[in-house]
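Reading through the structure tokens given below for one structure.
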Amino acid sequence: MTDSLLKPDYIFESSWEVCNKVGGIYTVLSTRAKTLQEAHPDQVIFIGPGLWKREDGNYTKEESPYFREDSALFAEWQWEAKQNGLTVRVGRWTVPGEPIAILVDFMPFFEKKNEIYGWLWEKYQVDSLHAYGDYDEASMFSYAAALVVESFYKWKEERGEWKENTKIVYHANEWMCGLGALYINNKLPQIGTIFTTHATSIGRSIAGNMKPLYDYLFAYNGDQMAGELNMQSKHSIEKQTAWHVDCFTTVSDITAKECVELLDKPVDVVLPNGFDNSFVPKAAQFTKKRKAARKRLLDVANALLGESLGDDTLIISTSGRYEFRNKGIDVFVEAMNRLLRDKDLKKKVVAFIEVPGWVGEPRRDLQERLNSGKAYDTPLEVPQVTHWLHNMSHDNVLGMMKYYDMHNRKDEQVKVIFLPCYLDGKDGILNMTYYDIVLGNDLCIYPSYYEPWGYTPLEAVAFKVPCITTDLAGFGLWANSVFGHSGEIEDGVKVIHRTDYNYSEVADNIKDTVAEFSGFTKKQVEDCRKKAEALSKKALWSEFIKYYEEAYDIALRKVEERSEK
């Protein structure tokens with residue numbers, strides 16, 4: 001089948017997270033880049049927002065850690081783009097594969113905002129009237145990204161570089177890039193457009209607002225809910241983009257159902273998120289890094305708690321965006337609270353919640369203890385958190401721990417520590433990156449309620465860490481389909497059945513699984529780790545890229561149909 005697929009000569013792909021590490025989409029794009037670059041060398045061009053600017057208006061190279069500028073790349077076009085009022089920086093995204101990236105300054109378009117939104121309403125009935133928050137910023141970037149493609153296309157065309165049947169696709173990620181996809185759909189019909197929603201804005205909002213999403217999915221009307229939840233503009237751009245692009249996609253079967261019900265549009269193809277395991281250290285290096293990660297985590301825990309937890313401590317964690325209910329952080333805390341009283345627990349447990357909160361600063365008292373190299377037998381005050389927060393009294397994690405009287409007391413078997421910052425290696429306490437820390441875990445837990453795919457469990461198993469997830473996560477459903485049954489911890493991934501209403505059962509299930517895992521023999525743990533790694537290899541980009549090829553083909557066939565007309 002693949003032989004008969006139409007293949008693009010050029011792929012433009014835009015996202016707010018190109019060279020801009022914000023969340024899961026960064027991981028999707030940055031890990032997929034190498035596989036795409038191998039298949040289409042330097043014919044993949046990523047477009048991201050130009051966000052690194054000094055007060056004097058000049059760009060700085062130092063502040064852009066994921067981008068390396070190359071002024072010689074398309075130098076003539078860069079000059080021409082500038083003449084046309086586009087400020088761009090062209091270079092390489094410093095991830096495996098090093099694809100070409102163009103960062104565009106979208107700020108100048110704010111003064112044309114009303115005119116752009118007027119055009120959008122006239123052509124596509126997109127309601128931008130109710131816009132607030134990040135809508136304007138995303139839309140102006142999206143518009144600028146489309147102008148980059150238009151400018152580049154025309155430059156090549158004027159030089160006679162497009163052959164008669166040159167095939168080009170433009171791939172827009174999330175509602176934030178919808179406007180650009182519609183612009184290209186309208187102005188450059190010879191380019192095939194693809195739109196991927198990584199989560200529907202309404203689905204995420206329903207779930208985040210404590211409403212039951214799944215039992216009533218068939219009954220929800222997306223437009224009506226958008227009005228109720230004050231999401232009209234984001235929903236409107238997402239829905240109209242889904243309807244007008246050549247190929248509409250999402251990342252999992254579970255989100256595909258949402259698209260049908262909330263956007264009234266079935267997807268053309270599901271693009272599951274893969275992983276590139278070149279990030280995972282090999283053999284001796286892996287063992288060394290795992291040792292270092294465990295030592296650092298235990299050093300931090302011991303300094304904070306005034307304990308002497310040894311290497312036989314069970315280290316577990318949850319991580320991701322701070323969506324307290326959607327990511328199942330509430331259930332994680334609940335499960336740890338229940339584990340405190342569990343008679344079957346065979347080891348001491350230290351559980352980290354690695355979720356970026358509203359961080360004030362790293363704790364000085366904790367830094368001093370860590371730097372002293374001494375052992376302490378008294379805890380610091382508030383021994384539940386590594387960094388001071390701006391909103392200590394209103395923080396969900398700390399609030400729930402306080403409600404349950406979880407104070408990490410000396411005699412307790414289970415200690416829960418909130419690490420409320422991005423693990424970029426410069427947080428002031430751990431000072432190690434997420435990928436250097438994750439492999440130090442014995443078990444990772446992601447009991448998501450709303451999770452279109454679920455990168456965190458996929459990353460965990462790629463680093464040989466068994467994990468617990470749910471069947472409301474796209475990854476959990478996929479794992480079940482690979483196993484041919486509901487995943488158990490012995491499979492490397494335990495997939496818990498989760499519904500709108502079984503929160504308590506999920507918490508118990510997590511508690512029981514951790515207790516069971518604490519009693520595993522060395523061989524059982526080793527088997528578990530091997531199976532986790534084996535599963536991750538089935539989710540490599542080399543396995544999943546075929547779905548993208550299918551999406552490119554669908555979009556390019558629509559272009560052919562248009563040109564025949």
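In the structure tokens, the first chain shown is A, the next is B, and so on; residue numbers restart at 1 for each chain, and ligands run from 1 in the order shown.
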
- Item | Within 7 Å of A:Lys346 using only C-alpha atoms, minus same-chain residues under 4 positions, as a VMD selection string | chain A and resid 515 518 to 519

Output N, CA, C and O atoms of each residue in that selection to a file, as a tab-separated table (two decimals), in the first residue's frame.
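To be explicit, this is the file written out as part.tsv:
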chain	number	residue	atom	x	y	z
A	515	ALA	N	1.76	-1.79	46.54
A	515	ALA	CA	2.04	-2.75	47.63
A	515	ALA	C	2.53	-4.09	47.03
A	515	ALA	O	3.51	-4.67	47.50
A	518	SER	N	6.00	-3.77	45.69
A	518	SER	CA	7.02	-3.66	46.75
A	518	SER	C	7.50	-5.04	47.22
A	518	SER	O	8.56	-5.17	47.81
A	519	GLY	N	6.69	-6.08	46.94
A	519	GLY	CA	7.05	-7.43	47.35
A	519	GLY	C	7.68	-8.26	46.24
A	519	GLY	O	8.02	-9.43	46.44

- Spatial neighbours of A:Leu366, 9 Å, only C-alpha atoms, chain gap at least 5 places, as number ranges by chain: A: 300, 303-304, 371, 380, 386-387, 429

Selection file, N, CA, C and O atoms, as a PDB file, in the first residue's frame:
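Full text of out.pdb as output:
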ATOM      1  N   VAL A 300      17.921  14.455  48.145  1.00  0.00           N
ATOM      2  CA  VAL A 300      16.944  15.543  48.319  1.00  0.00           C
ATOM      3  C   VAL A 300      15.900  15.147  49.363  1.00  0.00           C
ATOM      4  O   VAL A 300      15.582  15.909  50.271  1.00  0.00           O
ATOM      5  N   ALA A 303      17.486  15.080  52.926  1.00  0.00           N
ATOM      6  CA  ALA A 303      17.761  16.428  53.444  1.00  0.00           C
ATOM      7  C   ALA A 303      16.464  17.121  53.861  1.00  0.00           C
ATOM      8  O   ALA A 303      16.407  17.800  54.884  1.00  0.00           O
ATOM      9  N   LEU A 304      15.431  16.939  53.088  1.00  0.00           N
ATOM     10  CA  LEU A 304      14.134  17.583  53.371  1.00  0.00           C
ATOM     11  C   LEU A 304      13.453  16.955  54.586  1.00  0.00           C
ATOM     12  O   LEU A 304      12.888  17.643  55.437  1.00  0.00           O
ATOM     13  N   ASN A 371      24.102  21.161  50.263  1.00  0.00           N
ATOM     14  CA  ASN A 371      25.492  21.581  50.041  1.00  0.00           C
ATOM     15  C   ASN A 371      26.427  21.177  51.178  1.00  0.00           C
ATOM     16  O   ASN A 371      27.621  21.015  50.976  1.00  0.00           O
ATOM     17  N   LEU A 380      12.888  19.505  57.860  1.00  0.00           N
ATOM     18  CA  LEU A 380      12.708  20.950  57.702  1.00  0.00           C
ATOM     19  C   LEU A 380      11.229  21.263  57.906  1.00  0.00           C
ATOM     20  O   LEU A 380      10.387  20.359  57.837  1.00  0.00           O
ATOM     21  N   THR A 386       9.776  21.113  47.829  1.00  0.00           N
ATOM     22  CA  THR A 386      11.197  21.441  47.631  1.00  0.00           C
ATOM     23  C   THR A 386      11.437  22.904  47.283  1.00  0.00           C
ATOM     24  O   THR A 386      12.548  23.398  47.380  1.00  0.00           O
ATOM     25  N   HIS A 387      10.405  23.581  46.775  1.00  0.00           N
ATOM     26  CA  HIS A 387      10.529  24.989  46.376  1.00  0.00           C
ATOM     27  C   HIS A 387       9.371  25.754  47.012  1.00  0.00           C
ATOM     28  O   HIS A 387       8.257  25.223  47.102  1.00  0.00           O
ATOM     29  N   ILE A 429      17.436  22.755  43.009  1.00  0.00           N
ATOM     30  CA  ILE A 429      17.409  21.682  44.029  1.00  0.00           C
ATOM     31  C   ILE A 429      17.887  20.358  43.424  1.00  0.00           C
ATOM     32  O   ILE A 429      18.929  19.845  43.779  1.00  0.00           O
TER      33      ILE A 429
END

- Task: For A:Asn186, please output as number ranges by chain all residues within 12 Å (counting only C-alpha atoms; exclusion window: fewer than 3 positions along the same chain).
- Result: A: 119-120, 122-124, 146, 150, 179-183, 189-193, 241, 244-246

- A:Ile102: which residues within 6 Å, counting only C-alpha atoms, same-chain residues fewer than 4 positions away excluded, as number ranges by chain? A: 47, 89-90

- Query: Looking only at the backbone, which of the residues in stretch 89-218 of chain A does DSSP tag as strand (DSSP E or B), as number ranges by chain?
  - Reply: A: 89-93, 100-104, 168-173, 192-197

- Message: Need the shell around A:Glu488: protein/DNA/RNA residues with any atom at most 12 Å away, counting only C-alpha atoms. Skip same-chain ones fewer than 3 positions apart. Format as a PyMOL selection string?
- Response: chain A and resi 466-470+476+479-480+483-485+491-497+509-510+513+516-517+528+531-532

- Task: From stretch 362-545 of chain A, collect each residue whose DSSP state is helix (DSSP H, G or I) and return the set as a PyMOL selection string.
- Result: chain A and resi 364-372+392-394+396-403+434-438+455-462+474-483+489-491+503-518+522-537+541-545

- Note on the structure: Restricting to only C-alpha atoms, whichever of A:Asp105, A:Glu412, A:Asp395, A:Glu13 is closest to A:Leu345 is A:Glu412

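Checking A:Asp253, A:Glu98, A:Glu361, A:Glu174 one by one against A:Pro452, counting only C-alpha atoms, you find the shortest gap at A:Asp253.
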